[in-house]
Amino acid sequence: MLTARIAVIASGGGTNLQALIDARGRGELKSGQIALVIADKAGVKAIDRANAAGIACMVIPRREPEFEEKVLSALAEHNIDMVILAGFLGIFSGGFIRKFHGPVINIHPALIPSFCGKGFYGLRVHQAALDYGVKVTGATVHYASEVVDGGKIILQKAVDVLPGDTPEILQRRVMEQAEWVLLPQAAELVSAQIIREKESNI
């Protein structure tokens, strides 16, 4: 069966990577296979998750010279069709987005265009939502573009903000109710589109 080859790039715990692995195991991510995991630092949990799932994994430190070129080379070597940024804390340049031949998608822990852009990552996003007093937040999966968090939206899901929430509590609820649900769904949508394009070119 023809599948889209996916690379997941992560910086930390890899919970969104795990959501993708689990979705693939349940048959929900049937059009794509995770062929490569790239971590931008050694010793992170994402590496352990990749190894446990038998997925090829490599570490390319983000602060190394020519980081983007090394990532592009790895993607080409593994014949990657799509990149998923799953908790990746860096920002790829417009040049990287243009050079990679396939889609690059990202998950952001807020309802874009709220609480997004440069500097909004991790707990900072949830703290901003609480400071602003919004009653609803959520997560967004979007195409990466030259504008940080500015690419076309693929999927969104809302999550209630509850009295007594801390950034940590809200982060967990957004992950469980939105991120871990949306990312596999978006991965399947984009993978299926890639397959349709491949079949049309056969």
# chains A, B, ... in the order shown; residues from 1 in each chain; ligands from 1

$ residues_around --residues "Val174 of chain A" --least-positions-apart "4" --cutoff "9 Å" --atoms "only C-alpha atoms" --output "number ranges by chain"
A: 109-110, 137-139, 158-160, 169-170, 178-180

$ residues_around --residues "Ile21 of chain A" --least-positions-apart "2" --cutoff "12 Å" --atoms "only C-alpha atoms" --output "PyMOL selection string"
chain A and resi 6-8+14-19+23-30+32-37+46+49-55+180+183-184+187

$ residues_around --residues "Gly151 of chain A" --least-positions-apart "2" --cutoff "10 Å" --atoms "only C-alpha atoms" --output "ChimeraX atom specification"
/A:104-106,112,141-149,153-154

$ write_last_selection --atoms "C-alpha atoms" --output "compact mmCIF listing (two decimals), in the first residue's frame"
# COMPACT_ATOMS: atom_id res chain seq x y z
CA VAL A 104 5.60 21.13 6.60
CA ILE A 105 2.91 21.21 9.27
CA ASN A 106 3.05 22.51 12.82
CA ILE A 112 -4.52 31.01 15.88
CA VAL A 141 -2.58 22.55 13.16
CA HIS A 142 -1.35 24.68 10.27
CA TYR A 143 1.06 24.66 7.37
CA ALA A 144 4.40 26.22 8.25
CA SER A 145 5.24 29.29 6.22
CA GLU A 146 7.74 32.12 6.19
CA VAL A 147 5.57 33.88 8.81
CA VAL A 148 5.77 32.28 12.27
CA ASP A 149 2.40 30.61 12.96
CA ILE A 153 -4.92 26.50 9.04
CA ILE A 154 -5.65 22.79 8.57

$ closest_residue --among "A:Lys99, A:Ala10, A:Asp22, A:Gly94" --to "Pro61 of chain A" --atoms "only C-alpha atoms"
A:Ala10

$ select_by_dssp --residues "segment 24-171 of chain A" --states "strand (DSSP E or B)" --output "PDB file with N, CA, C and O atoms, in the first residue's frame"
ATOM      1  N   GLY A  32      -0.159   7.515   6.184  1.00  0.00           N
ATOM      2  CA  GLY A  32       1.206   7.977   6.427  1.00  0.00           C
ATOM      3  C   GLY A  32       1.942   7.060   7.378  1.00  0.00           C
ATOM      4  O   GLY A  32       1.338   6.435   8.255  1.00  0.00           O
ATOM      5  N   GLN A  33       3.245   6.966   7.204  1.00  0.00           N
ATOM      6  CA  GLN A  33       4.076   6.209   8.133  1.00  0.00           C
ATOM      7  C   GLN A  33       5.198   7.108   8.629  1.00  0.00           C
ATOM      8  O   GLN A  33       5.771   7.888   7.855  1.00  0.00           O
ATOM      9  N   ILE A  34       5.481   7.028   9.920  1.00  0.00           N
ATOM     10  CA  ILE A  34       6.561   7.831  10.491  1.00  0.00           C
ATOM     11  C   ILE A  34       7.869   7.120  10.173  1.00  0.00           C
ATOM     12  O   ILE A  34       8.176   6.065  10.736  1.00  0.00           O
ATOM     13  N   ALA A  35       8.623   7.680   9.240  1.00  0.00           N
ATOM     14  CA  ALA A  35       9.841   7.044   8.761  1.00  0.00           C
ATOM     15  C   ALA A  35      11.091   7.573   9.436  1.00  0.00           C
ATOM     16  O   ALA A  35      12.152   6.938   9.372  1.00  0.00           O
ATOM     17  N   LEU A  36      10.986   8.726  10.093  1.00  0.00           N
ATOM     18  CA  LEU A  36      12.170   9.354  10.695  1.00  0.00           C
ATOM     19  C   LEU A  36      11.753  10.309  11.804  1.00  0.00           C
ATOM     20  O   LEU A  36      10.751  11.018  11.668  1.00  0.00           O
ATOM     21  N   VAL A  37      12.511  10.294  12.881  1.00  0.00           N
ATOM     22  CA  VAL A  37      12.364  11.294  13.942  1.00  0.00           C
ATOM     23  C   VAL A  37      13.693  12.025  14.066  1.00  0.00           C
ATOM     24  O   VAL A  37      14.747  11.392  14.144  1.00  0.00           O
ATOM     25  N   ILE A  38      13.625  13.348  14.053  1.00  0.00           N
ATOM     26  CA  ILE A  38      14.816  14.174  14.259  1.00  0.00           C
ATOM     27  C   ILE A  38      14.633  14.952  15.556  1.00  0.00           C
ATOM     28  O   ILE A  38      13.634  15.665  15.717  1.00  0.00           O
ATOM     29  N   ALA A  39      15.571  14.786  16.480  1.00  0.00           N
ATOM     30  CA  ALA A  39      15.574  15.567  17.714  1.00  0.00           C
ATOM     31  C   ALA A  39      16.677  16.609  17.609  1.00  0.00           C
ATOM     32  O   ALA A  39      17.742  16.331  17.041  1.00  0.00           O
ATOM     33  N   CYS A  57      15.925   7.270  14.028  1.00  0.00           N
ATOM     34  CA  CYS A  57      16.014   8.513  14.797  1.00  0.00           C
ATOM     35  C   CYS A  57      17.431   9.066  14.707  1.00  0.00           C
ATOM     36  O   CYS A  57      18.404   8.311  14.686  1.00  0.00           O
ATOM     37  N   MET A  58      17.515  10.382  14.640  1.00  0.00           N
ATOM     38  CA  MET A  58      18.823  11.016  14.638  1.00  0.00           C
ATOM     39  C   MET A  58      18.766  12.334  15.399  1.00  0.00           C
ATOM     40  O   MET A  58      17.698  12.946  15.532  1.00  0.00           O
ATOM     41  N   VAL A  59      19.900  12.735  15.919  1.00  0.00           N
ATOM     42  CA  VAL A  59      20.018  14.007  16.643  1.00  0.00           C
ATOM     43  C   VAL A  59      20.807  14.980  15.780  1.00  0.00           C
ATOM     44  O   VAL A  59      21.929  14.675  15.356  1.00  0.00           O
ATOM     45  N   MET A  82       6.657  14.449   3.939  1.00  0.00           N
ATOM     46  CA  MET A  82       6.037  15.473   4.782  1.00  0.00           C
ATOM     47  C   MET A  82       6.785  15.597   6.096  1.00  0.00           C
ATOM     48  O   MET A  82       7.248  14.596   6.655  1.00  0.00           O
ATOM     49  N   VAL A  83       6.886  16.814   6.589  1.00  0.00           N
ATOM     50  CA  VAL A  83       7.514  17.071   7.884  1.00  0.00           C
ATOM     51  C   VAL A  83       6.439  17.540   8.862  1.00  0.00           C
ATOM     52  O   VAL A  83       5.603  18.388   8.535  1.00  0.00           O
ATOM     53  N   ILE A  84       6.473  16.968  10.062  1.00  0.00           N
ATOM     54  CA  ILE A  84       5.591  17.415  11.143  1.00  0.00           C
ATOM     55  C   ILE A  84       6.460  17.985  12.257  1.00  0.00           C
ATOM     56  O   ILE A  84       7.330  17.292  12.792  1.00  0.00           O
ATOM     57  N   LEU A  85       6.228  19.253  12.580  1.00  0.00           N
ATOM     58  CA  LEU A  85       6.919  19.888  13.702  1.00  0.00           C
ATOM     59  C   LEU A  85       6.077  19.634  14.947  1.00  0.00           C
ATOM     60  O   LEU A  85       4.976  20.175  15.084  1.00  0.00           O
ATOM     61  N   VAL A 104       5.103  21.088   5.221  1.00  0.00           N
ATOM     62  CA  VAL A 104       5.602  21.130   6.597  1.00  0.00           C
ATOM     63  C   VAL A 104       4.442  21.608   7.448  1.00  0.00           C
ATOM     64  O   VAL A 104       3.893  22.687   7.204  1.00  0.00           O
ATOM     65  N   ILE A 105       4.031  20.798   8.427  1.00  0.00           N
ATOM     66  CA  ILE A 105       2.914  21.208   9.272  1.00  0.00           C
ATOM     67  C   ILE A 105       3.371  21.334  10.718  1.00  0.00           C
ATOM     68  O   ILE A 105       4.325  20.685  11.153  1.00  0.00           O
ATOM     69  N   ASN A 106       2.681  22.189  11.437  1.00  0.00           N
ATOM     70  CA  ASN A 106       3.051  22.506  12.818  1.00  0.00           C
ATOM     71  C   ASN A 106       1.799  22.501  13.678  1.00  0.00           C
ATOM     72  O   ASN A 106       0.708  22.810  13.204  1.00  0.00           O
ATOM     73  N   ILE A 107       1.957  22.147  14.952  1.00  0.00           N
ATOM     74  CA  ILE A 107       0.842  22.269  15.893  1.00  0.00           C
ATOM     75  C   ILE A 107       1.164  23.360  16.899  1.00  0.00           C
ATOM     76  O   ILE A 107       2.288  23.436  17.424  1.00  0.00           O
ATOM     77  N   HIS A 108       0.184  24.238  17.128  1.00  0.00           N
ATOM     78  CA  HIS A 108       0.365  25.354  18.052  1.00  0.00           C
ATOM     79  C   HIS A 108      -0.712  25.266  19.133  1.00  0.00           C
ATOM     80  O   HIS A 108      -1.888  25.073  18.815  1.00  0.00           O
ATOM     81  N   VAL A 136     -12.114  30.418  26.297  1.00  0.00           N
ATOM     82  CA  VAL A 136     -11.883  29.283  25.401  1.00  0.00           C
ATOM     83  C   VAL A 136     -10.498  29.424  24.779  1.00  0.00           C
ATOM     84  O   VAL A 136     -10.117  30.504  24.337  1.00  0.00           O
ATOM     85  N   THR A 137      -9.744  28.340  24.781  1.00  0.00           N
ATOM     86  CA  THR A 137      -8.477  28.292  24.058  1.00  0.00           C
ATOM     87  C   THR A 137      -8.515  27.042  23.195  1.00  0.00           C
ATOM     88  O   THR A 137      -9.578  26.610  22.784  1.00  0.00           O
ATOM     89  N   GLY A 138      -7.367  26.440  22.892  1.00  0.00           N
ATOM     90  CA  GLY A 138      -7.409  25.233  22.077  1.00  0.00           C
ATOM     91  C   GLY A 138      -6.084  24.970  21.403  1.00  0.00           C
ATOM     92  O   GLY A 138      -5.026  25.328  21.922  1.00  0.00           O
ATOM     93  N   ALA A 139      -6.151  24.342  20.234  1.00  0.00           N
ATOM     94  CA  ALA A 139      -4.948  24.042  19.469  1.00  0.00           C
ATOM     95  C   ALA A 139      -5.243  24.196  17.988  1.00  0.00           C
ATOM     96  O   ALA A 139      -6.390  24.078  17.553  1.00  0.00           O
ATOM     97  N   THR A 140      -4.194  24.460  17.232  1.00  0.00           N
ATOM     98  CA  THR A 140      -4.295  24.666  15.784  1.00  0.00           C
ATOM     99  C   THR A 140      -3.195  23.889  15.082  1.00  0.00           C
ATOM    100  O   THR A 140      -2.036  23.972  15.476  1.00  0.00           O
ATOM    101  N   VAL A 141      -3.572  23.143  14.048  1.00  0.00           N
ATOM    102  CA  VAL A 141      -2.578  22.552  13.160  1.00  0.00           C
ATOM    103  C   VAL A 141      -2.600  23.369  11.873  1.00  0.00           C
ATOM    104  O   VAL A 141      -3.671  23.620  11.310  1.00  0.00           O
ATOM    105  N   HIS A 142      -1.419  23.811  11.443  1.00  0.00           N
ATOM    106  CA  HIS A 142      -1.352  24.678  10.267  1.00  0.00           C
ATOM    107  C   HIS A 142      -0.113  24.350   9.446  1.00  0.00           C
ATOM    108  O   HIS A 142       0.832  23.707   9.943  1.00  0.00           O
ATOM    109  N   TYR A 143      -0.133  24.792   8.205  1.00  0.00           N
ATOM    110  CA  TYR A 143       1.058  24.657   7.368  1.00  0.00           C
ATOM    111  C   TYR A 143       2.086  25.689   7.826  1.00  0.00           C
ATOM    112  O   TYR A 143       1.736  26.850   8.089  1.00  0.00           O
ATOM    113  N   ILE A 153      -4.439  27.391   7.984  1.00  0.00           N
ATOM    114  CA  ILE A 153      -4.917  26.497   9.037  1.00  0.00           C
ATOM    115  C   ILE A 153      -5.493  25.227   8.418  1.00  0.00           C
ATOM    116  O   ILE A 153      -6.256  25.278   7.452  1.00  0.00           O
ATOM    117  N   ILE A 154      -5.124  24.090   9.000  1.00  0.00           N
ATOM    118  CA  ILE A 154      -5.647  22.790   8.568  1.00  0.00           C
ATOM    119  C   ILE A 154      -6.809  22.371   9.466  1.00  0.00           C
ATOM    120  O   ILE A 154      -7.892  22.050   8.990  1.00  0.00           O
ATOM    121  N   LEU A 155      -6.581  22.364  10.775  1.00  0.00           N
ATOM    122  CA  LEU A 155      -7.614  21.982  11.745  1.00  0.00           C
ATOM    123  C   LEU A 155      -7.459  22.804  13.015  1.00  0.00           C
ATOM    124  O   LEU A 155      -6.348  23.198  13.384  1.00  0.00           O
ATOM    125  N   GLN A 156      -8.581  23.019  13.696  1.00  0.00           N
ATOM    126  CA  GLN A 156      -8.571  23.664  15.009  1.00  0.00           C
ATOM    127  C   GLN A 156      -9.552  22.945  15.930  1.00  0.00           C
ATOM    128  O   GLN A 156     -10.547  22.383  15.471  1.00  0.00           O
ATOM    129  N   LYS A 157      -9.282  23.003  17.225  1.00  0.00           N
ATOM    130  CA  LYS A 157     -10.203  22.443  18.213  1.00  0.00           C
ATOM    131  C   LYS A 157     -10.169  23.314  19.458  1.00  0.00           C
ATOM    132  O   LYS A 157      -9.099  23.672  19.944  1.00  0.00           O
ATOM    133  N   ALA A 158     -11.352  23.660  19.943  1.00  0.00           N
ATOM    134  CA  ALA A 158     -11.469  24.527  21.116  1.00  0.00           C
ATOM    135  C   ALA A 158     -11.458  23.711  22.406  1.00  0.00           C
ATOM    136  O   ALA A 158     -11.916  22.571  22.444  1.00  0.00           O
ATOM    137  N   VAL A 159     -10.919  24.333  23.459  1.00  0.00           N
ATOM    138  CA  VAL A 159     -10.857  23.727  24.788  1.00  0.00           C
ATOM    139  C   VAL A 159     -11.250  24.798  25.794  1.00  0.00           C
ATOM    140  O   VAL A 159     -10.782  25.945  25.716  1.00  0.00           O
ATOM    141  N   ASP A 160     -12.100  24.447  26.746  1.00  0.00           N
ATOM    142  CA  ASP A 160     -12.542  25.411  27.752  1.00  0.00           C
ATOM    143  C   ASP A 160     -11.416  25.759  28.722  1.00  0.00           C
ATOM    144  O   ASP A 160     -10.624  24.905  29.102  1.00  0.00           O
TER     145      ASP A 160
END

$ closest_residue --among "A:Leu162, A:Ile194, A:Met175, A:Ile47" --to "Gly122 of chain A" --atoms "only C-alpha atoms"
A:Met175

$ closest_residue --among "A:Glu197, A:His126, A:Tyr121, A:Leu75" --to "His101 of chain A" --atoms "only C-alpha atoms"
A:Leu75

$ atom_distance --atom1 "atom CA of Phe67 of chain A" --atom2 "atom CA of Ile9 of chain A"
12.6 Å

$ atom_distance --atom1 "atom CA of Arg5 of chain A" --atom2 "atom CA of Ser31 of chain A"
9.0 Å

$ select_by_dssp --residues "chain A" --states "alpha helix (DSSP H)" --output "VMD selection string"
chain A and resid 15 to 26 45 to 52 67 to 77 94 to 99 123 to 132 167 to 174 180 to 200

$ atom_distance --atom1 "atom CA of Leu2 of chain A" --atom2 "atom CA of Gly102 of chain A"
16.2 Å

$ closest_residue --among "A:Ser73, A:Val190, A:Gly13, A:Pro167" --to "Lys45 of chain A" --atoms "only C-alpha atoms"
A:Gly13
